[in-house]
Amino acid sequence: MTDILEVVFKGNRKEYFSNPQQFPFVVGDYAIVEADRGEDLGKVIQVECILPQGKSASELKKILRKPSKKDLERLAENRRLEAEAFEVCKEKIVKHNLLMKLVDVEYQFDHNKLTFYFTADKRVDFRELVKDLAATYRTRIELRQIGVRDEARRLGGYGPCGLPMCCISFLREIDPITTQCAKEQNLPLNPSKLSGVCGRLKCCLRFEIDFYQQASEQFPDVGQSVHTPEGEGIVERIDILKEEVYLRFSDNRVERYSLDEISNLLLSSVHKKTQTESETEQIITQEN
């Protein structure tokens, strides 16, 4: 069976590749792979991968070889040239009076393509800029407009939690996120608290929502009445992470209960109700 490896390139761009020649790789090794009209060089981040649903191993590009010392020196040189190209492109953007922000520059390993990543509020007519860059670098030029989330992924960094951003550590796809995700997690709708480094809603609001929706099924609904030894209480709020429920009583007093305590109270209420209904049925049967 052909091994499947996952390789990461500059800007946290990740792709799967087949390894038909069975080169021995471990995580952290560099690999030269098939690319668009040439070769590219990246770092192996996963071996013996399971492809996502919908992907076929036969469609994957191949790993060509392990890089030599000279190849790795060329990679370092590419990074230096990319930094120079970044400054040159910034000057040309000003020259052509274009409303765009240059984010990153990436050389394909073999120099067959030079890609410029940028953000812009609107569509940009960059045809003259491409001609100018092509005349300067004598290679195929690609200008790619990306969103602010993709900008954050390319540049990397740490989230407010202190950990590497989710989009560069494990998320492959960035799903749409709405404030409804925050509401279902009982979070205050404070933009400064809900926004990530990119300025958009945090990715964790989306991938954690499934946990909250599943966990909330164990809790009573907000507004539900719960009979306790202290009287009838109304569920005011729930804390899923701490597994606690807050009840408000008729005297405006709020008491905190663990999920186990609430579950036992609700179970006891159901048992008493069932017992009462059973006794009522017996009385009606006897009367008849």
# chains A, B, ... in the order shown; residues from 1 in each chain; ligands from 1
call {"tool": "residues_around", "arguments": {"residues": "Pro52 of chain A", "least_positions_apart": "4", "cutoff": "12 Å", "atoms": "only C-alpha atoms", "output": "PyMOL selection string"}}
result
chain A and resi 4+6+15-16+56-57+172-173
call {"tool": "write_last_selection", "arguments": {"atoms": "C-alpha atoms", "output": "mmCIF file, in the first residue's frame"}}
result
data_model
loop_
_atom_site.group_PDB
_atom_site.id
_atom_site.type_symbol
_atom_site.label_atom_id
_atom_site.label_comp_id
_atom_site.auth_asym_id
_atom_site.auth_seq_id
_atom_site.Cartn_x
_atom_site.Cartn_y
_atom_site.Cartn_z
ATOM 1 C CA ILE A 4 0.282 8.978 2.286
ATOM 2 C CA GLU A 6 1.080 15.429 4.715
ATOM 3 C CA GLU A 15 -1.195 19.213 1.128
ATOM 4 C CA TYR A 16 -1.293 15.399 0.967
ATOM 5 C CA SER A 56 -8.573 9.619 -3.545
ATOM 6 C CA ALA A 57 -4.937 8.499 -3.310
ATOM 7 C CA ARG A 172 -7.684 22.405 7.576
ATOM 8 C CA GLU A 173 -10.851 24.244 6.571
#
call {"tool": "residues_around", "arguments": {"residues": "Asn186 of chain A", "least_positions_apart": "3", "cutoff": "9 Å", "atoms": "only C-alpha atoms", "output": "ChimeraX atom specification"}}
result
/A:181-183,237-239
call {"tool": "select_by_dssp", "arguments": {"residues": "segment 107-282 of chain A", "states": "strand (DSSP E)", "output": "PyMOL selection string"}}
result
chain A and resi 107+113-119+140-145+225-228+231-239+244-248+254-258
call {"tool": "residues_around", "arguments": {"residues": "segment 60-69 of chain A", "least_positions_apart": "2", "cutoff": "12 Å", "atoms": "only C-alpha atoms", "output": "JSON, numbers by chain"}}
result
{"A": [2, 3, 4, 5, 6, 7, 15, 16, 17, 18, 19, 20, 21, 22, 23, 24, 25, 26, 29, 30, 31, 32, 33, 34, 35, 36, 37, 38, 39, 40, 41, 42, 43, 44, 51, 55, 56, 57, 58, 71, 72, 73, 74, 75, 76, 109]}
call {"tool": "atom_distance", "arguments": {"atom1": "atom CA of Pro176 of chain A", "atom2": "atom CA of Glu208 of chain A"}}
result
13.2 Å
call {"tool": "residues_around", "arguments": {"residues": "segment 199-202 of chain A", "least_positions_apart": "4", "cutoff": "7 Å", "atoms": "only C-alpha atoms", "output": "list in words"}}
result
Ile177, Leu194 and Ser195 of chain A
call {"tool": "write_last_selection", "arguments": {"atoms": "C-alpha atoms", "output": "PDB file, in the first residue's frame"}}
result
ATOM      1  CA  ILE A 177     -18.801  31.450  12.097  1.00  0.00           C
ATOM      2  CA  LEU A 194     -14.924  37.013  20.715  1.00  0.00           C
ATOM      3  CA  SER A 195     -12.438  38.209  18.076  1.00  0.00           C
TER       4      SER A 195
END
call {"tool": "atom_distance", "arguments": {"atom1": "atom CA of Asp221 of chain A", "atom2": "atom CA of Leu189 of chain A"}}
result
20.4 Å
call {"tool": "atom_distance", "arguments": {"atom1": "atom CA of Phe126 of chain A", "atom2": "atom CA of Ala152 of chain A"}}
result
22.7 Å
call {"tool": "select_by_dssp", "arguments": {"residues": "segment 181-218 of chain A", "states": "helix (DSSP H, G or I)", "output": "list in words"}}
result
Cys181, Ala182, Lys183, Glu184, Pro191, Ser192, Lys193, Leu194, Cys204, Leu205, Arg206, Phe207, Ile209, Asp210, Phe211, Tyr212, Gln213, Gln214, Ala215 and Ser216 of chain A
call {"tool": "write_last_selection", "arguments": {"atoms": "C-alpha atoms", "output": "CSV table (one decimal), in the first residue's frame"}}
result
chain,number,residue,atom,x,y,z
A,181,CYS,CA,-22.2,30.0,18.1
A,182,ALA,CA,-21.4,32.4,21.0
A,183,LYS,CA,-25.0,32.5,22.1
A,184,GLU,CA,-25.2,28.8,22.3
A,191,PRO,CA,-16.5,41.8,20.1
A,192,SER,CA,-13.2,42.3,21.8
A,193,LYS,CA,-13.6,39.0,23.7
A,194,LEU,CA,-14.9,37.0,20.7
A,204,CYS,CA,-12.9,27.9,18.4
A,205,LEU,CA,-16.5,29.2,18.5
A,206,ARG,CA,-17.3,27.0,15.6
A,207,PHE,CA,-15.5,23.7,16.2
A,209,ILE,CA,-20.1,24.2,19.3
A,210,ASP,CA,-20.8,20.5,18.7
A,211,PHE,CA,-19.5,19.8,22.2
A,212,TYR,CA,-21.7,22.4,23.8
A,213,GLN,CA,-24.8,21.3,21.8
A,214,GLN,CA,-24.2,17.7,22.9
A,215,ALA,CA,-23.5,18.6,26.5
A,216,SER,CA,-26.5,20.9,26.8
call {"tool": "closest_residue", "arguments": {"among": "A:Leu266, A:Leu143, A:Leu163, A:Cys89", "to": "Val226 of chain A", "atoms": "only C-alpha atoms"}}
result
A:Leu266
call {"tool": "residues_around", "arguments": {"residues": "Ala120 of chain A", "least_positions_apart": "5", "cutoff": "12 Å", "atoms": "only C-alpha atoms", "output": "PDB file with C-alpha atoms, in the first residue's frame"}}
result
ATOM      1  CA  LEU A  98      -3.483  50.095  -6.189  1.00  0.00           C
ATOM      2  CA  LEU A  99      -5.612  49.755  -3.062  1.00  0.00           C
ATOM      3  CA  MET A 100      -4.239  46.446  -1.815  1.00  0.00           C
ATOM      4  CA  LYS A 101      -2.147  45.180   1.097  1.00  0.00           C
ATOM      5  CA  LEU A 102       0.699  42.793   0.298  1.00  0.00           C
ATOM      6  CA  VAL A 103       0.731  39.910   2.814  1.00  0.00           C
ATOM      7  CA  ASP A 125      -7.269  45.309 -11.462  1.00  0.00           C
ATOM      8  CA  PHE A 126      -3.649  44.233 -11.128  1.00  0.00           C
ATOM      9  CA  LEU A 143      -1.263  37.407  -7.602  1.00  0.00           C
ATOM     10  CA  ARG A 144      -3.720  35.789  -5.218  1.00  0.00           C
ATOM     11  CA  GLN A 145      -6.278  37.724  -3.202  1.00  0.00           C
ATOM     12  CA  ILE A 146      -6.965  36.167   0.212  1.00  0.00           C
ATOM     13  CA  GLY A 147      -9.202  37.000   3.175  1.00  0.00           C
ATOM     14  CA  VAL A 148      -8.114  38.201   6.603  1.00  0.00           C
ATOM     15  CA  GLU A 151      -3.769  36.237   6.084  1.00  0.00           C
TER      16      GLU A 151
END
call {"tool": "residues_around", "arguments": {"residues": "Val27 of chain A", "least_positions_apart": "4", "cutoff": "7 Å", "atoms": "only C-alpha atoms", "output": "list in words"}}
result
Val44, Ile45, Gln46 and Val47 of chain A
call {"tool": "residues_around", "arguments": {"residues": "Arg140 of chain A", "least_positions_apart": "4", "cutoff": "8 Å", "atoms": "only C-alpha atoms", "output": "list in words"}}
result
Asn112, Lys113, Leu114 and Ala134 of chain A
call {"tool": "decode", "arguments": {"residues": "segment 184-228 of chain A", "atoms": "N, CA and C atoms", "output": "PDB file, in the first residue's frame"}}
result
ATOM      1  N   GLU A 184     -24.996  30.133  21.875  1.00  0.00           N
ATOM      2  CA  GLU A 184     -25.239  28.760  22.308  1.00  0.00           C
ATOM      3  C   GLU A 184     -24.218  28.298  23.341  1.00  0.00           C
ATOM      4  N   GLN A 185     -23.103  29.034  23.457  1.00  0.00           N
ATOM      5  CA  GLN A 185     -22.085  28.703  24.462  1.00  0.00           C
ATOM      6  C   GLN A 185     -22.173  29.632  25.670  1.00  0.00           C
ATOM      7  N   ASN A 186     -23.274  30.422  25.722  1.00  0.00           N
ATOM      8  CA  ASN A 186     -23.530  31.334  26.848  1.00  0.00           C
ATOM      9  C   ASN A 186     -22.390  32.332  27.051  1.00  0.00           C
ATOM     10  N   LEU A 187     -21.843  32.823  25.943  1.00  0.00           N
ATOM     11  CA  LEU A 187     -20.766  33.803  26.016  1.00  0.00           C
ATOM     12  C   LEU A 187     -21.315  35.209  25.812  1.00  0.00           C
ATOM     13  N   PRO A 188     -20.776  36.205  26.514  1.00  0.00           N
ATOM     14  CA  PRO A 188     -21.232  37.587  26.301  1.00  0.00           C
ATOM     15  C   PRO A 188     -20.841  38.049  24.904  1.00  0.00           C
ATOM     16  N   LEU A 189     -21.743  38.773  24.240  1.00  0.00           N
ATOM     17  CA  LEU A 189     -21.490  39.206  22.867  1.00  0.00           C
ATOM     18  C   LEU A 189     -20.617  40.458  22.874  1.00  0.00           C
ATOM     19  N   ASN A 190     -19.388  40.269  23.323  1.00  0.00           N
ATOM     20  CA  ASN A 190     -18.411  41.345  23.392  1.00  0.00           C
ATOM     21  C   ASN A 190     -17.389  41.136  22.274  1.00  0.00           C
ATOM     22  N   PRO A 191     -17.384  42.008  21.248  1.00  0.00           N
ATOM     23  CA  PRO A 191     -16.499  41.803  20.092  1.00  0.00           C
ATOM     24  C   PRO A 191     -15.025  41.645  20.468  1.00  0.00           C
ATOM     25  N   SER A 192     -14.562  42.392  21.457  1.00  0.00           N
ATOM     26  CA  SER A 192     -13.152  42.304  21.833  1.00  0.00           C
ATOM     27  C   SER A 192     -12.805  40.951  22.449  1.00  0.00           C
ATOM     28  N   LYS A 193     -13.798  40.293  23.060  1.00  0.00           N
ATOM     29  CA  LYS A 193     -13.570  38.982  23.673  1.00  0.00           C
ATOM     30  C   LYS A 193     -13.756  37.842  22.676  1.00  0.00           C
ATOM     31  N   LEU A 194     -14.590  38.082  21.662  1.00  0.00           N
ATOM     32  CA  LEU A 194     -14.924  37.013  20.715  1.00  0.00           C
ATOM     33  C   LEU A 194     -14.040  37.024  19.473  1.00  0.00           C
ATOM     34  N   SER A 195     -13.246  38.077  19.286  1.00  0.00           N
ATOM     35  CA  SER A 195     -12.438  38.209  18.076  1.00  0.00           C
ATOM     36  C   SER A 195     -11.062  37.587  18.249  1.00  0.00           C
ATOM     37  N   GLY A 196     -10.584  36.976  17.175  1.00  0.00           N
ATOM     38  CA  GLY A 196      -9.247  36.410  17.179  1.00  0.00           C
ATOM     39  C   GLY A 196      -8.233  37.399  16.652  1.00  0.00           C
ATOM     40  N   VAL A 197      -7.030  36.910  16.372  1.00  0.00           N
ATOM     41  CA  VAL A 197      -5.952  37.762  15.875  1.00  0.00           C
ATOM     42  C   VAL A 197      -6.327  38.401  14.538  1.00  0.00           C
ATOM     43  N   CYS A 198      -7.106  37.674  13.725  1.00  0.00           N
ATOM     44  CA  CYS A 198      -7.485  38.175  12.398  1.00  0.00           C
ATOM     45  C   CYS A 198      -8.551  39.263  12.464  1.00  0.00           C
ATOM     46  N   GLY A 199      -9.136  39.481  13.650  1.00  0.00           N
ATOM     47  CA  GLY A 199     -10.187  40.478  13.772  1.00  0.00           C
ATOM     48  C   GLY A 199     -11.575  39.916  13.532  1.00  0.00           C
ATOM     49  N   ARG A 200     -11.668  38.653  13.166  1.00  0.00           N
ATOM     50  CA  ARG A 200     -12.956  37.991  12.950  1.00  0.00           C
ATOM     51  C   ARG A 200     -13.269  37.115  14.164  1.00  0.00           C
ATOM     52  N   LEU A 201     -14.487  36.551  14.182  1.00  0.00           N
ATOM     53  CA  LEU A 201     -14.875  35.672  15.283  1.00  0.00           C
ATOM     54  C   LEU A 201     -13.916  34.485  15.381  1.00  0.00           C
ATOM     55  N   LYS A 202     -13.577  34.105  16.610  1.00  0.00           N
ATOM     56  CA  LYS A 202     -12.605  33.030  16.829  1.00  0.00           C
ATOM     57  C   LYS A 202     -13.075  31.708  16.217  1.00  0.00           C
ATOM     58  N   CYS A 203     -12.135  30.987  15.632  1.00  0.00           N
ATOM     59  CA  CYS A 203     -12.444  29.686  15.029  1.00  0.00           C
ATOM     60  C   CYS A 203     -12.959  28.694  16.074  1.00  0.00           C
ATOM     61  N   CYS A 204     -12.471  28.819  17.326  1.00  0.00           N
ATOM     62  CA  CYS A 204     -12.874  27.858  18.355  1.00  0.00           C
ATOM     63  C   CYS A 204     -14.366  27.940  18.646  1.00  0.00           C
ATOM     64  N   LEU A 205     -15.003  29.078  18.350  1.00  0.00           N
ATOM     65  CA  LEU A 205     -16.452  29.188  18.543  1.00  0.00           C
ATOM     66  C   LEU A 205     -17.186  28.192  17.655  1.00  0.00           C
ATOM     67  N   ARG A 206     -16.596  27.898  16.492  1.00  0.00           N
ATOM     68  CA  ARG A 206     -17.257  26.999  15.551  1.00  0.00           C
ATOM     69  C   ARG A 206     -16.989  25.532  15.858  1.00  0.00           C
ATOM     70  N   PHE A 207     -15.724  25.163  16.081  1.00  0.00           N
ATOM     71  CA  PHE A 207     -15.457  23.736  16.239  1.00  0.00           C
ATOM     72  C   PHE A 207     -15.802  23.236  17.634  1.00  0.00           C
ATOM     73  N   GLU A 208     -16.026  24.149  18.603  1.00  0.00           N
ATOM     74  CA  GLU A 208     -16.424  23.721  19.940  1.00  0.00           C
ATOM     75  C   GLU A 208     -17.939  23.638  20.100  1.00  0.00           C
ATOM     76  N   ILE A 209     -18.682  24.163  19.122  1.00  0.00           N
ATOM     77  CA  ILE A 209     -20.138  24.243  19.267  1.00  0.00           C
ATOM     78  C   ILE A 209     -20.766  22.859  19.350  1.00  0.00           C
ATOM     79  N   ASP A 210     -20.192  21.873  18.654  1.00  0.00           N
ATOM     80  CA  ASP A 210     -20.752  20.521  18.693  1.00  0.00           C
ATOM     81  C   ASP A 210     -20.707  19.956  20.113  1.00  0.00           C
ATOM     82  N   PHE A 211     -19.598  20.228  20.820  1.00  0.00           N
ATOM     83  CA  PHE A 211     -19.488  19.770  22.206  1.00  0.00           C
ATOM     84  C   PHE A 211     -20.566  20.414  23.075  1.00  0.00           C
ATOM     85  N   TYR A 212     -20.753  21.726  22.932  1.00  0.00           N
ATOM     86  CA  TYR A 212     -21.732  22.430  23.752  1.00  0.00           C
ATOM     87  C   TYR A 212     -23.158  21.956  23.452  1.00  0.00           C
ATOM     88  N   GLN A 213     -23.462  21.744  22.170  1.00  0.00           N
ATOM     89  CA  GLN A 213     -24.807  21.285  21.812  1.00  0.00           C
ATOM     90  C   GLN A 213     -25.083  19.899  22.386  1.00  0.00           C
ATOM     91  N   GLN A 214     -24.076  19.032  22.351  1.00  0.00           N
ATOM     92  CA  GLN A 214     -24.242  17.684  22.887  1.00  0.00           C
ATOM     93  C   GLN A 214     -24.342  17.714  24.410  1.00  0.00           C
ATOM     94  N   ALA A 215     -23.474  18.513  25.051  1.00  0.00           N
ATOM     95  CA  ALA A 215     -23.463  18.579  26.511  1.00  0.00           C
ATOM     96  C   ALA A 215     -24.734  19.223  27.055  1.00  0.00           C
ATOM     97  N   SER A 216     -25.278  20.203  26.333  1.00  0.00           N
ATOM     98  CA  SER A 216     -26.462  20.919  26.826  1.00  0.00           C
ATOM     99  C   SER A 216     -27.686  20.021  26.926  1.00  0.00           C
ATOM    100  N   GLU A 217     -27.682  18.881  26.217  1.00  0.00           N
ATOM    101  CA  GLU A 217     -28.820  17.964  26.281  1.00  0.00           C
ATOM    102  C   GLU A 217     -28.972  17.344  27.671  1.00  0.00           C
ATOM    103  N   GLN A 218     -27.892  17.367  28.469  1.00  0.00           N
ATOM    104  CA  GLN A 218     -27.955  16.804  29.817  1.00  0.00           C
ATOM    105  C   GLN A 218     -28.549  17.796  30.826  1.00  0.00           C
ATOM    106  N   PHE A 219     -28.669  19.070  30.409  1.00  0.00           N
ATOM    107  CA  PHE A 219     -29.114  20.121  31.326  1.00  0.00           C
ATOM    108  C   PHE A 219     -30.580  20.470  31.088  1.00  0.00           C
ATOM    109  N   PRO A 220     -31.254  20.974  32.132  1.00  0.00           N
ATOM    110  CA  PRO A 220     -32.610  21.485  31.924  1.00  0.00           C
ATOM    111  C   PRO A 220     -32.553  22.783  31.127  1.00  0.00           C
ATOM    112  N   ASP A 221     -33.661  23.134  30.473  1.00  0.00           N
ATOM    113  CA  ASP A 221     -33.712  24.367  29.693  1.00  0.00           C
ATOM    114  C   ASP A 221     -33.767  25.582  30.614  1.00  0.00           C
ATOM    115  N   VAL A 222     -33.205  26.687  30.164  1.00  0.00           N
ATOM    116  CA  VAL A 222     -33.326  27.941  30.907  1.00  0.00           C
ATOM    117  C   VAL A 222     -34.806  28.320  30.957  1.00  0.00           C
ATOM    118  N   GLY A 223     -35.292  28.650  32.145  1.00  0.00           N
ATOM    119  CA  GLY A 223     -36.706  28.961  32.325  1.00  0.00           C
ATOM    120  C   GLY A 223     -37.528  27.791  32.816  1.00  0.00           C
ATOM    121  N   GLN A 224     -36.936  26.598  32.828  1.00  0.00           N
ATOM    122  CA  GLN A 224     -37.649  25.413  33.287  1.00  0.00           C
ATOM    123  C   GLN A 224     -37.799  25.429  34.812  1.00  0.00           C
ATOM    124  N   SER A 225     -38.900  24.912  35.289  1.00  0.00           N
ATOM    125  CA  SER A 225     -39.169  24.855  36.732  1.00  0.00           C
ATOM    126  C   SER A 225     -38.617  23.553  37.307  1.00  0.00           C
ATOM    127  N   VAL A 226     -37.948  23.672  38.465  1.00  0.00           N
ATOM    128  CA  VAL A 226     -37.375  22.513  39.140  1.00  0.00           C
ATOM    129  C   VAL A 226     -37.831  22.512  40.589  1.00  0.00           C
ATOM    130  N   HIS A 227     -38.418  21.399  41.016  1.00  0.00           N
ATOM    131  CA  HIS A 227     -38.899  21.297  42.402  1.00  0.00           C
ATOM    132  C   HIS A 227     -37.744  20.834  43.296  1.00  0.00           C
ATOM    133  N   THR A 228     -37.470  21.624  44.342  1.00  0.00           N
ATOM    134  CA  THR A 228     -36.395  21.301  45.282  1.00  0.00           C
ATOM    135  C   THR A 228     -36.961  21.276  46.699  1.00  0.00           C
TER     136      THR A 228
END
